[in-house]
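Everything below concerns the one structure shown next.
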Amino acid sequence: MDQWVTTERSGGRTGDGAPGEAGNAPREPGPDARRRIPRTDAVLRDPRLREAARRLGADAVKSAVHRAQERARDGAVEPEAVADTAVALLPRSASGLRPVINATGVLLHTNLGRASLSAAARRAVQEAAGPTDVELDLHTGVRARRGRTALAALRERVPSAAAAHVVNNGAAALVLAATALAAGREIVVSRGEMVEIGDGFRLPDLLVSTGARLREVGTTNRTTAADYAGAIGPDTAFVLKVHPSNFRITGFTRAAEVGELAPLGVPVVVDIGSGLLAPHPLLPEEPDAESRLRAGAALVTASGDKLLGGPQCGLLLGREETVRTLSRHPLARALRVDKLTLAALEATLTGPGTPTGEALAADPASLLRRAERLAALLGADGIDVRAVGSSATVGGGGAPGVTLPSAALSLPERWAAALRTGPVPVVGRLEAGRCLLDLRAVPERDDERLAGAVRSAAGR
Ligand SMILES: *Cc1c(COP(=O)(O)O)cnc(C)c1O
């Protein structure tokens, strides 16, 4: 990434071309030019490429050099530009994942990897990257429960949970619950809660894939406790409540509360989706783990990378015996999280606020001040930009129907592609013929990077 920016400045170009580019129409180089193409080992002695080999691996660097030599042979670049060209062709980092600025105004954007980790969580991931005591008690020298400190942190934050378990994501949490508690038996669920969570994944399909049978009750808009009671029988494994986290039904509606279902004599499992551990003052409609367990749920499942603001994982919180059944099921091993996830989760739970929490709580007036400052700065460079009020959302991760007042930079719509593909990719949203860069999910410390990205997209 740094490499790319450096090259960009010195070469003053965009895209995948290379410095010393010999015009658009490649011409056949003469035998003399071909002889001047440097050998691979000579090019590899360039200090920039040696540094890159330490960062990216020798193979990636060699491949860039070979492609640069190829371009020189084709006459696309001068032989003297092979090293510069190889530098320009290097991958930006060892991973193809590009860091982006989320200016969509959707706080938890699944396509952008949902929650952004806190600084504490990032540090924890870094520290856990080497050998750690994830499954070893250093005092006794014997094996210990995997991720025990993260699990303890989880229980601390949710006092009504007697036990906790963590798997790979929210869907895995549901699959484990359905497999371990209901395979070959029935799960009673409301017709109003048979949801698709996105990209074609439908919770009913997921549940049925475990060998459990779904017993649908009620109607799309109304389901009462009596509907559940009428369906419960000897074959019922549990009643499932699913939070419709990406849509809302309004009007003539009715849903049974956990408190009404808990006395029916079968365990109530609640998929709260968003991962709020306790009620959030700004999101009164959003279910939280503590309240649901206190109301009598036997088990709550949730995602770690939605409103909790942590790494991708699935949380399972609830009664001791229920959680034990899950964590001891053979499938639990296949859904086990790695040490990096456990580290990030624990730091999210115990550390300072998360970027998601900060974005949620951001003051609209200060967002507008930031937008106005940036607009003035960029406007002074002759860029067509305005500061405008806007509406942000939490996203598929939770709080459907909730809009958060926000502020944005309004730019020409046609700049959206250049913003996405620039040196610092920015993803905005198109609205009424303009490209809006919404600031609610952009941390303030990224304002200068954002301004730089806009300048670059505007060609300034
Ligand atoms: C997001 C969500 C899921 C799926 O969780 P992942 O972590 O994406 O696997 C399941 N149920 C509900 C209600 C959700 O909101």
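Chain labels follow the order of the structure tokens: the first chain is A, the next B, and so on; residue numbering restarts at 1 in every chain, and ligands are counted from 1 in their shown order.
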
Contacts of range 62-148 of chain A with range 331-347 of chain A up to 12 Å, shortest pair per row, only C-alpha atoms, as CSV:
residue,atom,partner,partner_atom,distance
A:Ala115,CA,A:Ala344,CA,11.7
A:Ser116,CA,A:Ala344,CA,11.0
A:Leu117,CA,A:Ala344,CA,7.6
A:Ser118,CA,A:Ala347,CA,8.2
A:Ala119,CA,A:Ala347,CA,9.0
A:Ala120,CA,A:Ala347,CA,5.8
A:Ala121,CA,A:Ala344,CA,4.4
A:Arg122,CA,A:Ala344,CA,6.7
A:Arg123,CA,A:Ala344,CA,8.3
A:Ala124,CA,A:Ala343,CA,5.4
A:Val125,CA,A:Leu340,CA,5.1
A:Gln126,CA,A:Leu340,CA,8.1
A:Glu127,CA,A:Ala343,CA,8.4
A:Ala128,CA,A:Leu340,CA,6.0
A:Ala129,CA,A:Leu340,CA,6.6
A:Gly130,CA,A:Lys339,CA,9.6
A:Pro131,CA,A:Lys339,CA,9.4
A:Thr132,CA,A:Lys339,CA,8.1
A:Asp133,CA,A:Lys339,CA,9.4
A:Val134,CA,A:Lys339,CA,6.5
A:Glu135,CA,A:Lys339,CA,9.4
A:Arg146,CA,A:Lys339,CA,8.7
A:Gly147,CA,A:Leu342,CA,6.1
A:Arg148,CA,A:Leu342,CA,9.1

Counting only C-alpha atoms and all ligand atoms, what are the residues, protein, DNA or RNA alike, that approach ligand 1 to within 7 Å? I want them as a PDB file with N, CA and C atoms, in the first residue's frame.
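Wrote part.pdb, looks like this:
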ATOM      1  N   ASN A 169     -19.530 -18.208  13.619  1.00  0.00           N
ATOM      2  CA  ASN A 169     -20.417 -17.075  13.310  1.00  0.00           C
ATOM      3  C   ASN A 169     -21.818 -17.376  13.845  1.00  0.00           C
ATOM      4  N   GLY A 170     -22.707 -16.433  13.630  1.00  0.00           N
ATOM      5  CA  GLY A 170     -24.062 -16.586  14.150  1.00  0.00           C
ATOM      6  C   GLY A 170     -24.758 -17.804  13.551  1.00  0.00           C
ATOM      7  N   ALA A 171     -24.532 -18.037  12.269  1.00  0.00           N
ATOM      8  CA  ALA A 171     -25.161 -19.179  11.615  1.00  0.00           C
ATOM      9  C   ALA A 171     -24.651 -20.487  12.227  1.00  0.00           C
ATOM     10  N   ALA A 172     -23.358 -20.541  12.532  1.00  0.00           N
ATOM     11  CA  ALA A 172     -22.786 -21.743  13.148  1.00  0.00           C
ATOM     12  C   ALA A 172     -23.377 -21.958  14.541  1.00  0.00           C
ATOM     13  N   ILE A 197     -31.186 -14.269   5.858  1.00  0.00           N
ATOM     14  CA  ILE A 197     -30.230 -13.328   6.452  1.00  0.00           C
ATOM     15  C   ILE A 197     -29.382 -12.621   5.415  1.00  0.00           C
ATOM     16  N   VAL A 242     -36.535 -15.866  16.559  1.00  0.00           N
ATOM     17  CA  VAL A 242     -35.503 -15.277  15.700  1.00  0.00           C
ATOM     18  C   VAL A 242     -35.791 -13.785  15.558  1.00  0.00           C
ATOM     19  N   HIS A 243     -34.789 -12.967  15.803  1.00  0.00           N
ATOM     20  CA  HIS A 243     -34.981 -11.527  15.623  1.00  0.00           C
ATOM     21  C   HIS A 243     -34.945 -11.199  14.141  1.00  0.00           C
ATOM     22  N   PRO A 244     -36.030 -10.614  13.605  1.00  0.00           N
ATOM     23  CA  PRO A 244     -35.993 -10.203  12.196  1.00  0.00           C
ATOM     24  C   PRO A 244     -35.064  -8.989  12.087  1.00  0.00           C
ATOM     25  N   SER A 245     -33.788  -9.260  11.825  1.00  0.00           N
ATOM     26  CA  SER A 245     -32.797  -8.197  11.992  1.00  0.00           C
ATOM     27  C   SER A 245     -32.615  -7.334  10.756  1.00  0.00           C
ATOM     28  N   ASN A 246     -33.224  -7.722   9.618  1.00  0.00           N
ATOM     29  CA  ASN A 246     -33.023  -6.905   8.427  1.00  0.00           C
ATOM     30  C   ASN A 246     -34.322  -6.450   7.782  1.00  0.00           C
ATOM     31  N   ASP A 271     -32.453 -16.326  18.920  1.00  0.00           N
ATOM     32  CA  ASP A 271     -31.408 -15.810  18.033  1.00  0.00           C
ATOM     33  C   ASP A 271     -31.601 -14.294  17.970  1.00  0.00           C
ATOM     34  N   ILE A 272     -30.791 -13.568  18.752  1.00  0.00           N
ATOM     35  CA  ILE A 272     -30.963 -12.103  18.769  1.00  0.00           C
ATOM     36  C   ILE A 272     -30.229 -11.449  17.608  1.00  0.00           C
ATOM     37  N   GLY A 273     -29.387 -12.177  16.921  1.00  0.00           N
ATOM     38  CA  GLY A 273     -28.715 -11.640  15.729  1.00  0.00           C
ATOM     39  C   GLY A 273     -27.587 -10.676  16.042  1.00  0.00           C
ATOM     40  N   SER A 274     -27.935  -9.475  16.493  1.00  0.00           N
ATOM     41  CA  SER A 274     -26.980  -8.358  16.495  1.00  0.00           C
ATOM     42  C   SER A 274     -25.892  -8.425  17.556  1.00  0.00           C
ATOM     43  N   ALA A 302     -25.979 -15.253  18.952  1.00  0.00           N
ATOM     44  CA  ALA A 302     -25.759 -13.926  18.367  1.00  0.00           C
ATOM     45  C   ALA A 302     -24.467 -13.927  17.560  1.00  0.00           C
ATOM     46  N   SER A 303     -24.305 -12.877  16.761  1.00  0.00           N
ATOM     47  CA  SER A 303     -23.064 -12.676  16.011  1.00  0.00           C
ATOM     48  C   SER A 303     -22.142 -11.770  16.811  1.00  0.00           C
ATOM     49  N   GLY A 304     -20.828 -11.968  16.640  1.00  0.00           N
ATOM     50  CA  GLY A 304     -19.863 -11.121  17.334  1.00  0.00           C
ATOM     51  C   GLY A 304     -19.502  -9.860  16.570  1.00  0.00           C
ATOM     52  N   ASP A 305     -19.754  -9.847  15.247  1.00  0.00           N
ATOM     53  CA  ASP A 305     -19.251  -8.737  14.429  1.00  0.00           C
ATOM     54  C   ASP A 305     -20.350  -7.776  13.994  1.00  0.00           C
ATOM     55  N   GLN A 312     -15.677 -11.579  13.658  1.00  0.00           N
ATOM     56  CA  GLN A 312     -16.697 -12.540  13.252  1.00  0.00           C
ATOM     57  C   GLN A 312     -16.659 -13.730  14.185  1.00  0.00           C
ATOM     58  N   CYS A 313     -17.775 -13.994  14.833  1.00  0.00           N
ATOM     59  CA  CYS A 313     -17.898 -15.207  15.645  1.00  0.00           C
ATOM     60  C   CYS A 313     -19.366 -15.355  16.021  1.00  0.00           C
ATOM     61  N   GLY A 314     -19.698 -16.507  16.569  1.00  0.00           N
ATOM     62  CA  GLY A 314     -21.063 -16.754  17.012  1.00  0.00           C
ATOM     63  C   GLY A 314     -21.045 -16.977  18.508  1.00  0.00           C
ATOM     64  N   GLY A 396     -27.705  -4.552   7.816  1.00  0.00           N
ATOM     65  CA  GLY A 396     -28.278  -5.882   7.957  1.00  0.00           C
ATOM     66  C   GLY A 396     -27.955  -6.492   9.310  1.00  0.00           C
ATOM     67  N   GLY A 397     -26.974  -5.902   9.989  1.00  0.00           N
ATOM     68  CA  GLY A 397     -26.560  -6.414  11.287  1.00  0.00           C
ATOM     69  C   GLY A 397     -27.510  -6.122  12.420  1.00  0.00           C
ATOM     70  N   GLY A 398     -28.513  -5.304  12.195  1.00  0.00           N
ATOM     71  CA  GLY A 398     -29.445  -5.057  13.283  1.00  0.00           C
ATOM     72  C   GLY A 398     -30.215  -3.767  13.115  1.00  0.00           C
TER      73      GLY A 398
END

Based on the backbone DSSP call, show me all residues of range 262-447 of chain A assigned alpha helix (DSSP H), as a PyMOL selection string.
chain A and resi 289-294+320-327+330-334+339-350+355-361+364-379+416-421+447

Need to verify the contact set: Val188 in chain A, 9 Å, only C-alpha atoms, exclusion of same-chain residues closer than 2 positions in sequence. Can you return it as a PyMOL selection string?
chain A and resi 186+190+213-217+228+231-232+236-241

Please write the residues from the selection above to a file, keeping C-alpha atoms, as a compact mmCIF listing (two decimals), in the first residue's frame.
# COMPACT_ATOMS: atom_id res chain seq x y z
CA GLU A 186 -38.96 -30.51 16.22
CA SER A 190 -43.21 -18.47 14.16
CA ARG A 213 -37.86 -30.54 11.68
CA LEU A 214 -39.47 -27.12 11.72
CA ARG A 215 -42.93 -26.78 13.15
CA GLU A 216 -44.26 -23.44 11.91
CA VAL A 217 -46.80 -21.63 14.02
CA TYR A 228 -46.74 -22.03 20.37
CA ALA A 231 -47.77 -26.92 18.73
CA ILE A 232 -45.61 -28.13 21.59
CA THR A 236 -40.53 -30.61 20.59
CA ALA A 237 -36.85 -29.97 21.24
CA PHE A 238 -37.13 -26.22 21.69
CA VAL A 239 -39.03 -23.10 20.77
CA LEU A 240 -36.97 -20.76 18.59
CA LYS A 241 -37.36 -17.00 18.55

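With only C-alpha atoms as the atoms that count, the minimum distance from Ala365 in chain A to the choices A:Val82, A:Ala407, A:Ala255, A:Leu349 is reached by A:Ala407.
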
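Closest approach to Gly275 in chain A among A:Gly251, A:Pro425, A:Gly57, A:Pro311: A:Pro311, based on only C-alpha atoms.
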
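In this model, the gap between CA of Ala33 in chain A and CA of Glu70 in chain A comes to 12.7 Å.
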